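> Sharing a structure, written as structure tokens. Questions coming.
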Amino acid sequence: MSKVAQYLNEHLLGEVSNLTSLRAAYARDESVFEITPEIVVYPKVTNDIRKVARFSWQLAEKGHTLSLTPRGLGTDTTGGAIGSGILLDLSRHLNSILYVSTKDKNKIVHVQPGVSLRTLHEALKWHGLTVGAYTPDMPDMTVGGAIAAGSVGRVSGKHGTVADSIERMEVVLANGDLMETGRISKRELSRKKGEQTLEGEIYRQIDGIIDDSAELVASLSSDYDNLGYRIDKVKNKDGSFDLTPLFIGSQGTLGIISEVVLGASFYSDDESILVAVCQTAEEARDITDILRQLDPTVLEVIDGAYYEEARARGKRFVFDKESDIFAGLVYASFDDFSNKIRARKLKKAQKLLAKRDAKLYTSDDSRLDDLYAVRDVEQTVVLPLRVDESPVFMCDGAYIPTERLEEFVTEATALAERLHVKLPLKINALTGIVSTYPTVHFKKVSDKQKIFKLATEYAALVHKTSGTIAGAQAEGRINAFAGYPQLDEAVTDLNASIRKVFDPFTTLNPGVKQSADLKVLARQLRS
């Protein structure tokens, strides 16, 4: 064991290891990159995180950088959950639900960052509650990971995101100090700015940045944009101030989340579903516009190519006997608490679509599990068929405004043909989030080169159609490389200045949410 690992083991309640095989297990997340950490730490209490951060800070003050990368379940698809220094696995011990309040009007749940959304959902379900936009079909991730990634889910269009549920957070800063975030008054802000601590310095400088760049900050407003930091959400017109938005989508680059208090909401376990199989993409988009008026919980347009690929792999669907080849499919669901309201919406949807050129399937005449299989088709398609083959998720989660979607789809088709890749699209019509999962062979040099070319050109297309490459999650490494060249230099400088305030020595997840050299990223590609 190295001297650093031994030193940390002596001072932490949790475990520390630099075992080669263990470090290798943490070298990958769900991205295309591979970076092996020097040390893996399993913090057992918040004080463990603080001690590690303070140790890293003190080394940095002496000119020795030992970076920190927080990690949950490792499901980040952009390279945000891997790093070369100390990797802190928050999911092993810091995974408790500390408190649930169901008595008050404002129902809350107090959790540690490593608790998984699935575990939290199952616990709250017994109280008839849930948090944010979690649905059981989502890939599991930790609460801290969902916030740090700025994750947007399938039902976020109606129910918001996990981050939208935040009441307050406790964060370990780069120097090991603790900060609690939450909206504070103008008077409380003045008091905070007077403190001679890193927290006080952060409040002073962030307030100064907002005042000095007021026009630029105001221009950044967007519901689904994790590219950079959400400084436009920090200060209200009444002078109240909340640093929480900066940590949403920050991927551990501003601090490490140690506790979270979330607002809980009532949960409906029942839903009614309608599937419309369409012969043309135009028909699918028209049907989407019609169904939008019924206030669905989910409204998605799914490329027919997904089902062709799934069938080639042996999958069967509820519509196979009547619909062989088709251009697209619309999936809509309603989760209203009232059975009567759901039934009325489903009936009205069928009436509105009766004269459309589409085959309809509903939860009244089909099993829910069969309709869920239609919804989750990409789970089959993204599974590799060969050992050296893998889907890449860098194109998963761009945000495109509704009025530019048709243009985006047309140009994405042209891009796929030009680069000789498959880019079937799945569009969440309520959030504007667009996903696609191209496949590459990591043994082929040409495919490795294609990763960066595709990332760059896809990001340029997203920007051209007034979207953002980091809609459903933060940019990490790959989409920082592809997305930052599309930003104005003033915006890039603004984000860099925000990061510098929180992390002056660049010890917090370096390489993530930062411009990167192509040669560096190429070396980090997994083999």
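Each chain in the structure tokens gets a letter, A, B and so on, in the order shown; residues start at 1 in every chain, and ligands are counted from 1 in the order they appear.
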Would you mind listing what lies within 6 Å of A:Lys44 as a list of chain:residue names, with only C-alpha atoms counted and same-chain residues fewer than 3 positions away left out?
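Here the qualifying residues turn out to be A:Leu13, A:Gly14, A:His93.
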> For A:Ala5, find every residue with an atom within 9 Å (counting only C-alpha atoms), except residues of its own chain fewer than 5 positions away, and show them as a list of chain:residue names.
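Final neighbour list, sorted by chain and number: A:Glu10, A:Val16, A:Ser17, A:Asn18, A:Ile39, A:Val40, A:Val41.
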> Based on the selection just made, write C-alpha atoms of those residues as a compact mmCIF listing (two decimals), in the first residue's frame.

```txt
# COMPACT_ATOMS: atom_id res chain seq x y z
CA GLU A 10 -5.18 5.71 9.45
CA VAL A 16 -8.87 3.06 1.39
CA SER A 17 -7.12 0.89 -1.19
CA ASN A 18 -4.68 1.18 -4.06
CA ILE A 39 -6.51 5.39 -4.90
CA VAL A 40 -10.09 4.29 -4.15
CA VAL A 41 -11.77 5.59 -0.99
```
> So what do you get for atom CA of A:Leu419 versus atom CA of A:Ser435, distance-wise?
17.6 Å
> When DSSP is applied to the backbone of this structure, which of stretch 290-508 of chain A are assigned strand (DSSP E)? Write them out as a ChimeraX atom specification.
/A:298-303,328-334,358-362,389-391,398-399,426-428,433-435,439-441
> Counting only C-alpha atoms, what is within 8 Å of A:Met394, bar same-chain residues fewer than 5 positions away, as JSON, numbers by chain?
{"A": [31, 77, 78, 437, 455, 478, 479]}
> May I have the residues within 9 Å of stretch 309-317 of chain A as a PDB file with C-alpha atoms, in the first residue's frame, using only C-alpha atoms and disregarding those fewer than 5 positions away in the same chain?

```pdb
ATOM      1  CA  GLY A 304     -39.120   2.459 -36.481  1.00  0.00           C
ATOM      2  CA  ASP A 370     -46.302  -5.760 -23.812  1.00  0.00           C
ATOM      3  CA  LEU A 371     -46.643  -1.985 -24.079  1.00  0.00           C
ATOM      4  CA  ALA A 373     -41.622  -3.620 -24.108  1.00  0.00           C
ATOM      5  CA  VAL A 374     -42.545  -1.196 -26.897  1.00  0.00           C
ATOM      6  CA  VAL A 377     -37.017  -1.054 -27.068  1.00  0.00           C
ATOM      7  CA  GLU A 378     -33.647   0.739 -26.833  1.00  0.00           C
ATOM      8  CA  THR A 380     -32.481  -4.354 -26.323  1.00  0.00           C
ATOM      9  CA  VAL A 381     -30.822  -2.409 -29.124  1.00  0.00           C
TER      10      VAL A 381
END
```
> Which value, in Å to one decimal, gives the distance between atom CA of A:Ala24 and atom CA of A:Arg499?
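A separation of 28.9 Å between them.
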> Can you pull out the residues contacting stretch 484-487 of chain A? Cut-off 7 Å, using only C-alpha atoms, and skip same-chain residues under 2 positions away; I want them as a ChimeraX atom specification.
/A:460,463,480-482,489,491-492,515
> Write out as a PDB file with N, CA and C atoms, in the first residue's frame each polymer residue whose atoms come within 8 Å of A:Thr507, counting only C-alpha atoms; drop sequence neighbours fewer than 2 positions from it.

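selection-v5.pdb was written with the following content:
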```
ATOM      1  N   SER A  56      -6.192  16.787   0.102  1.00  0.00           N
ATOM      2  CA  SER A  56      -5.923  17.148  -1.291  1.00  0.00           C
ATOM      3  C   SER A  56      -5.616  18.638  -1.423  1.00  0.00           C
ATOM      4  N   TRP A  57      -6.370  19.460  -0.698  1.00  0.00           N
ATOM      5  CA  TRP A  57      -6.175  20.920  -0.727  1.00  0.00           C
ATOM      6  C   TRP A  57      -4.789  21.297  -0.204  1.00  0.00           C
ATOM      7  N   ALA A  60      -2.185  20.509  -2.675  1.00  0.00           N
ATOM      8  CA  ALA A  60      -2.227  21.475  -3.784  1.00  0.00           C
ATOM      9  C   ALA A  60      -1.570  22.792  -3.395  1.00  0.00           C
ATOM     10  N   THR A  65      -0.695  18.168  -6.962  1.00  0.00           N
ATOM     11  CA  THR A  65      -2.125  17.984  -7.224  1.00  0.00           C
ATOM     12  C   THR A  65      -2.507  16.513  -7.139  1.00  0.00           C
ATOM     13  N   LEU A  66      -3.464  16.217  -6.276  1.00  0.00           N
ATOM     14  CA  LEU A  66      -4.063  14.889  -6.172  1.00  0.00           C
ATOM     15  C   LEU A  66      -5.569  15.101  -6.282  1.00  0.00           C
ATOM     16  N   SER A  67      -6.104  14.828  -7.451  1.00  0.00           N
ATOM     17  CA  SER A  67      -7.492  15.195  -7.741  1.00  0.00           C
ATOM     18  C   SER A  67      -8.491  14.284  -7.038  1.00  0.00           C
ATOM     19  N   LEU A  68      -9.729  14.776  -6.927  1.00  0.00           N
ATOM     20  CA  LEU A  68     -10.824  14.041  -6.292  1.00  0.00           C
ATOM     21  C   LEU A  68     -11.960  13.855  -7.289  1.00  0.00           C
ATOM     22  N   ALA A 174     -13.937  22.290  -1.723  1.00  0.00           N
ATOM     23  CA  ALA A 174     -12.612  21.807  -2.132  1.00  0.00           C
ATOM     24  C   ALA A 174     -11.618  21.757  -0.984  1.00  0.00           C
ATOM     25  N   ASP A 503     -12.981  26.106  -6.901  1.00  0.00           N
ATOM     26  CA  ASP A 503     -11.884  25.139  -6.981  1.00  0.00           C
ATOM     27  C   ASP A 503     -10.617  25.805  -7.513  1.00  0.00           C
ATOM     28  N   PHE A 505      -7.502  25.382  -7.024  1.00  0.00           N
ATOM     29  CA  PHE A 505      -6.348  24.536  -7.335  1.00  0.00           C
ATOM     30  C   PHE A 505      -6.675  23.438  -8.352  1.00  0.00           C
ATOM     31  N   ASN A 509     -12.351  16.920  -9.781  1.00  0.00           N
ATOM     32  CA  ASN A 509     -12.701  16.278 -11.054  1.00  0.00           C
ATOM     33  C   ASN A 509     -12.143  17.016 -12.280  1.00  0.00           C
ATOM     34  N   PRO A 510     -10.845  17.248 -12.333  1.00  0.00           N
ATOM     35  CA  PRO A 510     -10.264  17.931 -13.496  1.00  0.00           C
ATOM     36  C   PRO A 510     -10.477  17.130 -14.778  1.00  0.00           C
TER      37      PRO A 510
END
```
> Within 12 Å of A:Leu352, counting only C-alpha atoms, which residues show up once you throw out same-chain ones fewer than 2 positions away? Write them as a compact mmCIF listing (two decimals) with N, CA and C atoms, in the first residue's frame, please.

```
# COMPACT_ATOMS: atom_id res chain seq x y z
N ALA A 276 -49.32 4.46 -31.02
CA ALA A 276 -49.76 4.70 -32.39
C ALA A 276 -48.62 4.37 -33.35
N ASP A 286 -47.39 14.68 -36.31
CA ASP A 286 -48.74 15.25 -36.25
C ASP A 286 -49.53 14.67 -35.08
N ILE A 287 -49.42 13.37 -34.90
CA ILE A 287 -50.12 12.71 -33.79
C ILE A 287 -49.60 13.21 -32.45
N THR A 288 -48.31 13.43 -32.38
CA THR A 288 -47.71 13.98 -31.16
C THR A 288 -48.33 15.33 -30.82
N ASP A 289 -48.49 16.18 -31.80
CA ASP A 289 -49.09 17.50 -31.58
C ASP A 289 -50.53 17.37 -31.09
N ILE A 290 -51.26 16.39 -31.61
CA ILE A 290 -52.65 16.17 -31.20
C ILE A 290 -52.72 15.70 -29.75
N LEU A 291 -51.87 14.74 -29.39
CA LEU A 291 -51.91 14.16 -28.04
C LEU A 291 -51.39 15.11 -26.97
N ARG A 292 -50.56 16.06 -27.34
CA ARG A 292 -49.99 17.00 -26.38
C ARG A 292 -51.09 17.74 -25.61
N GLN A 293 -52.21 18.02 -26.27
CA GLN A 293 -53.29 18.79 -25.65
C GLN A 293 -53.99 18.03 -24.52
N LEU A 294 -53.75 16.71 -24.41
CA LEU A 294 -54.41 15.90 -23.38
C LEU A 294 -53.58 15.81 -22.10
N LYS A 345 -59.35 10.42 -20.97
CA LYS A 345 -58.26 10.88 -21.84
C LYS A 345 -57.94 9.84 -22.92
N LEU A 346 -57.93 8.58 -22.52
CA LEU A 346 -57.63 7.52 -23.48
C LEU A 346 -58.71 7.45 -24.57
N LYS A 347 -59.95 7.58 -24.14
CA LYS A 347 -61.07 7.54 -25.09
C LYS A 347 -61.00 8.74 -26.05
N LYS A 348 -60.70 9.90 -25.50
CA LYS A 348 -60.61 11.10 -26.34
C LYS A 348 -59.45 10.99 -27.32
N ALA A 349 -58.33 10.42 -26.86
CA ALA A 349 -57.18 10.24 -27.74
C ALA A 349 -57.53 9.35 -28.92
N GLN A 350 -58.24 8.27 -28.64
CA GLN A 350 -58.65 7.36 -29.72
C GLN A 350 -59.59 8.05 -30.70
N ALA A 354 -58.85 8.71 -34.69
CA ALA A 354 -59.62 7.71 -35.44
C ALA A 354 -59.42 7.81 -36.94
N LYS A 355 -59.28 9.01 -37.45
CA LYS A 355 -59.16 9.21 -38.90
C LYS A 355 -57.71 9.36 -39.36
N ARG A 356 -56.78 9.18 -38.44
CA ARG A 356 -55.38 9.29 -38.82
C ARG A 356 -54.88 7.96 -39.40
N ASP A 357 -53.83 8.03 -40.16
CA ASP A 357 -53.27 6.83 -40.77
C ASP A 357 -52.30 6.16 -39.80
N ALA A 358 -52.87 5.56 -38.75
CA ALA A 358 -52.04 4.92 -37.72
C ALA A 358 -52.81 3.78 -37.08
N LEU A 360 -53.64 1.78 -33.73
CA LEU A 360 -53.63 2.13 -32.31
C LEU A 360 -53.69 0.89 -31.43
```
> Please give the complete set of residues from stretch 22-230 of chain A that DSSP, run on the backbone, assigns to alpha helix (DSSP H), formatted as a PyMOL selection string.
chain A and resi 22-25+46-61+117-125+143-149+156-159+186-193+198-212+214-218
> Mind writing the picked residues with C-alpha atoms as a short mmCIF file (atom, residue, chain, number, x, y, z; two decimals), in the first residue's frame?

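Written output follows (part_17.cif):
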```
data_model
loop_
_atom_site.label_atom_id
_atom_site.label_comp_id
_atom_site.auth_asym_id
_atom_site.auth_seq_id
_atom_site.Cartn_x
_atom_site.Cartn_y
_atom_site.Cartn_z
CA LEU A 22 -9.74 -2.68 -7.48
CA ARG A 23 -8.50 0.46 -9.18
CA ALA A 24 -9.09 -1.21 -12.57
CA ALA A 25 -12.71 -1.87 -11.59
CA THR A 46 -19.23 12.97 5.85
CA ASN A 47 -16.14 13.72 7.90
CA ASP A 48 -14.23 11.19 5.77
CA ILE A 49 -15.00 13.23 2.65
CA ARG A 50 -13.93 16.38 4.45
CA LYS A 51 -10.61 14.87 5.53
CA VAL A 52 -9.82 13.64 2.02
CA ALA A 53 -10.70 17.05 0.53
CA ARG A 54 -8.61 18.87 3.13
CA PHE A 55 -5.68 16.52 2.47
CA SER A 56 -5.92 17.15 -1.29
CA TRP A 57 -6.18 20.92 -0.73
CA GLN A 58 -3.10 20.98 1.51
CA LEU A 59 -1.10 19.04 -1.07
CA ALA A 60 -2.23 21.47 -3.78
CA GLU A 61 -1.10 24.43 -1.67
CA LEU A 117 -33.07 6.35 -6.76
CA ARG A 118 -34.60 2.89 -7.02
CA THR A 119 -34.13 2.22 -3.31
CA LEU A 120 -35.53 5.63 -2.45
CA HIS A 121 -38.51 5.12 -4.75
CA GLU A 122 -39.32 1.73 -3.24
CA ALA A 123 -39.12 3.15 0.29
CA LEU A 124 -41.30 6.17 -0.49
CA LYS A 125 -43.82 4.13 -2.45
CA VAL A 143 -29.40 10.68 -5.70
CA GLY A 144 -26.08 12.51 -5.63
CA GLY A 145 -25.29 11.28 -9.13
CA ALA A 146 -28.67 12.36 -10.51
CA ILE A 147 -28.19 15.86 -9.09
CA ALA A 148 -24.55 16.15 -10.13
CA ALA A 149 -25.43 15.04 -13.66
CA SER A 156 -39.71 15.20 -16.41
CA GLY A 157 -41.94 17.09 -18.82
CA LYS A 158 -44.83 16.75 -16.37
CA HIS A 159 -43.22 15.98 -13.02
CA LYS A 186 -30.71 39.62 0.66
CA ARG A 187 -29.87 40.39 4.29
CA GLU A 188 -28.56 36.86 4.92
CA LEU A 189 -26.49 37.13 1.73
CA SER A 190 -24.79 40.25 3.11
CA ARG A 191 -23.94 38.36 6.29
CA LYS A 192 -22.55 35.39 4.32
CA LYS A 193 -20.39 37.70 2.20
CA LEU A 198 -14.05 29.80 1.61
CA GLU A 199 -17.84 29.83 1.78
CA GLY A 200 -17.82 33.58 2.33
CA GLU A 201 -15.39 34.04 -0.54
CA ILE A 202 -17.68 31.98 -2.80
CA TYR A 203 -20.71 34.13 -1.97
CA ARG A 204 -18.72 37.33 -2.53
CA GLN A 205 -17.26 36.30 -5.85
CA ILE A 206 -20.36 34.65 -7.32
CA ASP A 207 -22.47 37.68 -6.45
CA GLY A 208 -19.80 39.84 -8.07
CA ILE A 209 -19.78 37.71 -11.23
CA ILE A 210 -23.57 37.99 -11.51
CA ASP A 211 -23.47 41.77 -11.12
CA ASP A 212 -20.54 42.24 -13.51
CA ALA A 214 -25.71 40.65 -15.68
CA GLU A 215 -26.62 40.82 -19.37
CA LEU A 216 -24.71 37.65 -20.23
CA VAL A 217 -26.15 35.75 -17.25
CA ALA A 218 -29.70 36.76 -18.19
#
```
